Amino acid sequence: MDFIKNIFIACRTHHYVKNLFIFLPVFFAFKIFETEALTDSLFAFIGFSFAASSIYILNDVIDIKNDSLHPRKKFRPIASKKISRKNALLFSSFLALISLIIGVSLNFSVLGLLVIYILINILYSLILKNFAILDVFTIASGFVIRLLVGSSASNVELTHWIIVLTFLLSLLLALSKRRDDLVNNHNEKTRESINGYNLNFINATINILAGMVILSYILWSISPDVIERLSSDKIYFSSIFVMTGIFRYLQCIYLHNDTGSPTQILIKDKFIQLSIIAWAVTLYSIFYLA
């Protein structure tokens with residue numbers, strides 16, 4: 001039982017919330033209630049989650065020495081040697097294989113994107129995470145791949161605005177994590193890329209990205225193709241909840257210095273959760289009542 005529990009922890013299942021980006025194509029295409037599109041997106045979500053867990057485990061194996069020096073990461077199953085390197089690598093390979101099998105069952109586009117995601121993240125674990133700016137751009141690319149996987153699985157075409165929004169938002173989240181590393185000195189000795197950042201630089205880029213996310217969403221909501229497709233020019237009303245969600249996240253960053261895990265903030269923060277729910281309800285109400 002302890003082995004299963006430790007494997008479960010090593011898989012970082014709480015990070016699966018990030019993989020909800022896979023459902024964004026069907027959400028923005030207003031096909032979330034279409035059984036076939038939703039089912040294919042669900043299988044893509046499961047396959048991608050296995051791939052992500054495979055990478056998390058592999059990264060822990062690669063970082064075992066540095067993680068053992070980290071105040072929090074040293075308690076992880078692999079760093080604390082509750083799971084051996086050999087067993088971790090075997091399970092990581094097994095998860096990657098299952099992920100690729102699911103990808104094949106959907107279509108070869110999904111398979112190709114899963115392979116690209118795995119290869120990019122292996123490269124990140126080995127090299128790219130040690131280089132400032134490249135590290136956060138690599139993380140952001142993973143969210144765009146999630147979006148493309150959802151699009152390929154559900155056969156829903158993406159607009160350039162959704163891709164831009166996803167990339168900018170994921171950059172914001174990645175940089176806020178780096179800010180936490182600086183403020184709390186978590187990675188002072190264990191992450192080389194942190195030497196390429198300082199608080200002024202990260203604060204400035206976070207502020208720029210927050211504004212760009214809001215502006216991009218507003219531009220999407222008033223773009224002629226969206227107005228024509230949804231037969232409504234009131235979509236921009238939903239931007240108020242995008243703004244409240246972003247402002248609340250900035251409040252967490254600057255007032256509470258609580259940016260160590262954006263995933264945990266999303267899971268725990270009721271204000272952000274309510275903003276997301278209100279945004280989704282407003283968007284769909286405008287669409288169906290238009």
# chains A, B, ... in the order shown; residues from 1 in each chain; ligands from 1

$ select_by_dssp --residues "region 125-181 of chain A" --states "helix (DSSP H, G or I)" --output "PyMOL selection string"
chain A and resi 125-126+128-130+134-154+160-181

$ closest_atom_pairs --of "region 3-78 of chain A" --to "region 125-133 of chain A" --cutoff "9 Å" --atoms "only C-alpha atoms" --output "CSV"
residue,atom,partner,partner_atom,distance
A:Ile55,CA,A:Ser125,CA,8.4
A:Leu58,CA,A:Ser125,CA,8.0
A:Asn59,CA,A:Ser125,CA,5.6
A:Asp60,CA,A:Ser125,CA,9.0
A:Ile62,CA,A:Ser125,CA,7.2
A:Asp63,CA,A:Ser125,CA,8.2

$ residues_around --residues "Leu199 (chain A)" --least-positions-apart "6" --cutoff "10 Å" --atoms "only C-alpha atoms" --output "list in words"
Arg178, Arg179, Asp180, Leu182, Val183 and Thr205 of chain A

$ residues_around --residues "region 150-161 of chain A" --least-positions-apart "6" --cutoff "10 Å" --atoms "only C-alpha atoms" --output "NGL selection string"
:A and (19-29 or 31 or 36-45 or 48 or 103 or 106-111 or 113 or 144 or 167 or 216-217 or 219-221 or 223 or 225-226)

$ write_last_selection --atoms "N, CA and C atoms" --output "tab-separated table (two decimals), in the first residue's frame"
chain	number	residue	atom	x	y	z
A	19	ASN	N	-4.19	19.93	-17.18
A	19	ASN	CA	-4.58	19.25	-18.41
A	19	ASN	C	-6.01	19.56	-18.83
A	20	LEU	N	-6.73	20.32	-17.99
A	20	LEU	CA	-8.07	20.76	-18.37
A	20	LEU	C	-8.02	21.70	-19.57
A	21	PHE	N	-6.83	22.22	-19.88
A	21	PHE	CA	-6.67	23.03	-21.09
A	21	PHE	C	-7.05	22.23	-22.33
A	22	ILE	N	-6.99	20.92	-22.24
A	22	ILE	CA	-7.36	20.06	-23.36
A	22	ILE	C	-8.83	20.24	-23.73
A	23	PHE	N	-9.64	20.62	-22.76
A	23	PHE	CA	-11.07	20.79	-23.01
A	23	PHE	C	-11.43	22.18	-23.55
A	24	LEU	N	-10.45	23.10	-23.58
A	24	LEU	CA	-10.74	24.46	-24.03
A	24	LEU	C	-11.25	24.53	-25.48
A	25	PRO	N	-10.69	23.74	-26.42
A	25	PRO	CA	-11.22	23.81	-27.78
A	25	PRO	C	-12.72	23.52	-27.87
A	26	VAL	N	-13.17	22.45	-27.22
A	26	VAL	CA	-14.62	22.14	-27.27
A	26	VAL	C	-15.41	23.16	-26.46
A	27	PHE	N	-14.79	23.72	-25.42
A	27	PHE	CA	-15.48	24.72	-24.61
A	27	PHE	C	-15.73	25.99	-25.42
A	28	PHE	N	-14.69	26.49	-26.08
A	28	PHE	CA	-14.83	27.73	-26.84
A	28	PHE	C	-15.60	27.52	-28.15
A	29	ALA	N	-15.67	26.27	-28.61
A	29	ALA	CA	-16.48	25.97	-29.79
A	29	ALA	C	-17.92	25.67	-29.39
A	31	LYS	N	-19.09	23.10	-27.83
A	31	LYS	CA	-19.43	21.70	-28.11
A	31	LYS	C	-19.23	20.83	-26.88
A	36	GLU	N	-19.61	12.98	-28.58
A	36	GLU	CA	-18.42	12.48	-29.27
A	36	GLU	C	-17.20	13.37	-29.01
A	37	ALA	N	-17.38	14.68	-29.15
A	37	ALA	CA	-16.27	15.61	-28.95
A	37	ALA	C	-15.79	15.58	-27.50
A	38	LEU	N	-16.74	15.50	-26.57
A	38	LEU	CA	-16.38	15.47	-25.15
A	38	LEU	C	-15.67	14.17	-24.79
A	39	THR	N	-16.15	13.04	-25.34
A	39	THR	CA	-15.53	11.74	-25.06
A	39	THR	C	-14.11	11.67	-25.58
A	40	ASP	N	-13.90	12.15	-26.81
A	40	ASP	CA	-12.55	12.16	-27.39
A	40	ASP	C	-11.62	13.06	-26.58
A	41	SER	N	-12.14	14.19	-26.11
A	41	SER	CA	-11.34	15.10	-25.28
A	41	SER	C	-10.99	14.45	-23.95
A	42	LEU	N	-11.92	13.68	-23.41
A	42	LEU	CA	-11.68	12.99	-22.15
A	42	LEU	C	-10.57	11.95	-22.29
A	43	PHE	N	-10.60	11.17	-23.37
A	43	PHE	CA	-9.53	10.20	-23.61
A	43	PHE	C	-8.19	10.90	-23.81
A	44	ALA	N	-8.22	12.04	-24.50
A	44	ALA	CA	-6.99	12.82	-24.70
A	44	ALA	C	-6.47	13.32	-23.35
A	45	PHE	N	-7.37	13.73	-22.48
A	45	PHE	CA	-7.01	14.18	-21.13
A	45	PHE	C	-6.31	13.07	-20.35
A	48	PHE	N	-2.86	12.33	-21.95
A	48	PHE	CA	-1.89	13.38	-21.65
A	48	PHE	C	-1.49	13.35	-20.19
A	103	GLY	N	-2.93	7.69	-27.53
A	103	GLY	CA	-2.79	8.63	-28.64
A	103	GLY	C	-3.07	7.97	-29.97
A	106	LEU	N	-6.73	7.47	-30.74
A	106	LEU	CA	-7.47	8.68	-31.12
A	106	LEU	C	-7.15	9.04	-32.57
A	107	ASN	N	-5.95	9.49	-32.82
A	107	ASN	CA	-5.47	9.73	-34.19
A	107	ASN	C	-3.98	10.02	-34.15
A	108	PHE	N	-3.35	10.02	-35.31
A	108	PHE	CA	-1.90	10.17	-35.36
A	108	PHE	C	-1.45	11.60	-35.03
A	109	SER	N	-2.34	12.57	-35.17
A	109	SER	CA	-2.00	13.94	-34.77
A	109	SER	C	-1.81	14.02	-33.26
A	110	VAL	N	-2.72	13.39	-32.52
A	110	VAL	CA	-2.60	13.36	-31.07
A	110	VAL	C	-1.34	12.61	-30.66
A	111	LEU	N	-1.09	11.47	-31.33
A	111	LEU	CA	0.13	10.70	-31.05
A	111	LEU	C	1.37	11.56	-31.26
A	113	LEU	N	1.69	14.81	-31.20
A	113	LEU	CA	1.78	15.87	-30.20
A	113	LEU	C	2.25	15.32	-28.85
A	144	VAL	N	0.34	25.07	-24.67
A	144	VAL	CA	-0.12	25.18	-26.05
A	144	VAL	C	-0.28	23.79	-26.66
A	167	PHE	N	-0.88	30.79	-24.34
A	167	PHE	CA	0.57	30.97	-24.20
A	167	PHE	C	0.88	32.09	-23.20
A	216	SER	N	-5.90	40.54	-24.68
A	216	SER	CA	-6.11	39.51	-25.70
A	216	SER	C	-7.51	38.92	-25.61
A	217	TYR	N	-7.98	38.71	-24.37
A	217	TYR	CA	-9.33	38.17	-24.21
A	217	TYR	C	-10.38	39.14	-24.73
A	219	LEU	N	-9.97	41.48	-26.99
A	219	LEU	CA	-9.89	41.51	-28.45
A	219	LEU	C	-10.54	40.28	-29.07
A	220	TRP	N	-10.38	39.12	-28.42
A	220	TRP	CA	-11.07	37.92	-28.91
A	220	TRP	C	-12.57	38.11	-28.84
A	221	SER	N	-13.05	38.65	-27.72
A	221	SER	CA	-14.50	38.75	-27.50
A	221	SER	C	-15.18	39.74	-28.45
A	223	SER	N	-13.86	40.37	-31.61
A	223	SER	CA	-13.42	40.12	-32.98
A	223	SER	C	-14.61	39.77	-33.86
A	225	ASP	N	-15.14	37.68	-36.30
A	225	ASP	CA	-15.46	36.27	-36.54
A	225	ASP	C	-16.18	35.65	-35.35
A	226	VAL	N	-15.82	36.06	-34.12
A	226	VAL	CA	-16.49	35.55	-32.92
A	226	VAL	C	-17.92	36.07	-32.86

$ closest_residue --among "A:Ala10, A:Leu172, A:Ala52, A:Ile222" --to "Arg146 (chain A)" --atoms "only C-alpha atoms"
A:Ala52

$ residues_around --residues "Phe143 (chain A)" --least-positions-apart "3" --cutoff "10 Å" --atoms "only C-alpha atoms" --output "VMD selection string"
chain A and resid 18 to 22 117 138 to 140 146 to 149 163 166 to 171

$ residues_around --residues "Lys177 (chain A)" --least-positions-apart "3" --cutoff "12 Å" --atoms "only C-alpha atoms" --output "VMD selection string"
chain A and resid 135 to 136 139 170 to 174 180 to 187 194 197 199 202 to 203 206 252 to 253 257 to 265

$ atom_distance --atom1 "CA of Cys11 (chain A)" --atom2 "CA of Tyr124 (chain A)"
17.6 Å

$ atom_distance --atom1 "CA of Arg72 (chain A)" --atom2 "CA of Ile9 (chain A)"
13.6 Å
